[in-house]
Amino acid sequence: MPLFCFNTTADYLEAARQMAVTGRAALARLLAEEAADRVTDSAEAARILREFPGPSLRKEP
């Protein structure tokens, strides 16, 4: 697996899609949540999260 450099929302989305394809749904969801946090448009954030369904796996303090 290639090493990732996460600088943009697109980087997080690409990694999330790759994780989903390889059966790593939990990691895909976490990456998608990070991507959604980085967009300013709430509709776009919702679209990103719909692409990777499931409950949030984040552990907030």
# chains A, B, ... in the order shown; residues from 1 in each chain; ligands from 1

$ residues_around --residues "Arg17 (chain A)" --least-positions-apart "4" --cutoff "12 Å" --atoms "only C-alpha atoms" --output "list of chain:residue names"
A:Ala10, A:Asp11, A:Tyr12, A:Leu13, A:Val21, A:Thr22, A:Gly23, A:Arg24, A:Ala25, A:Ala26, A:Leu27, A:Ala28, A:Arg29, A:Leu30, A:Leu31, A:Ala32, A:Ala35, A:Ile48, A:Leu49, A:Glu51, A:Phe52

$ atom_distance --atom1 "CA of Arg38 (chain A)" --atom2 "CA of Thr9 (chain A)"
6.1 Å

$ atom_distance --atom1 "CA of Ala15 (chain A)" --atom2 "CA of Leu57 (chain A)"
16.6 Å

$ select_by_dssp --residues "chain A" --states "alpha helix (DSSP H)" --output "VMD selection string"
chain A and resid 9 to 21 25 to 38 42 to 51

$ closest_residue --among "A:Val39, A:Ala20, A:Glu33, A:Arg58" --to "Thr8 (chain A)" --atoms "only C-alpha atoms"
A:Val39

$ atom_distance --atom1 "CA of Ser56 (chain A)" --atom2 "CA of Gln18 (chain A)"
18.7 Å
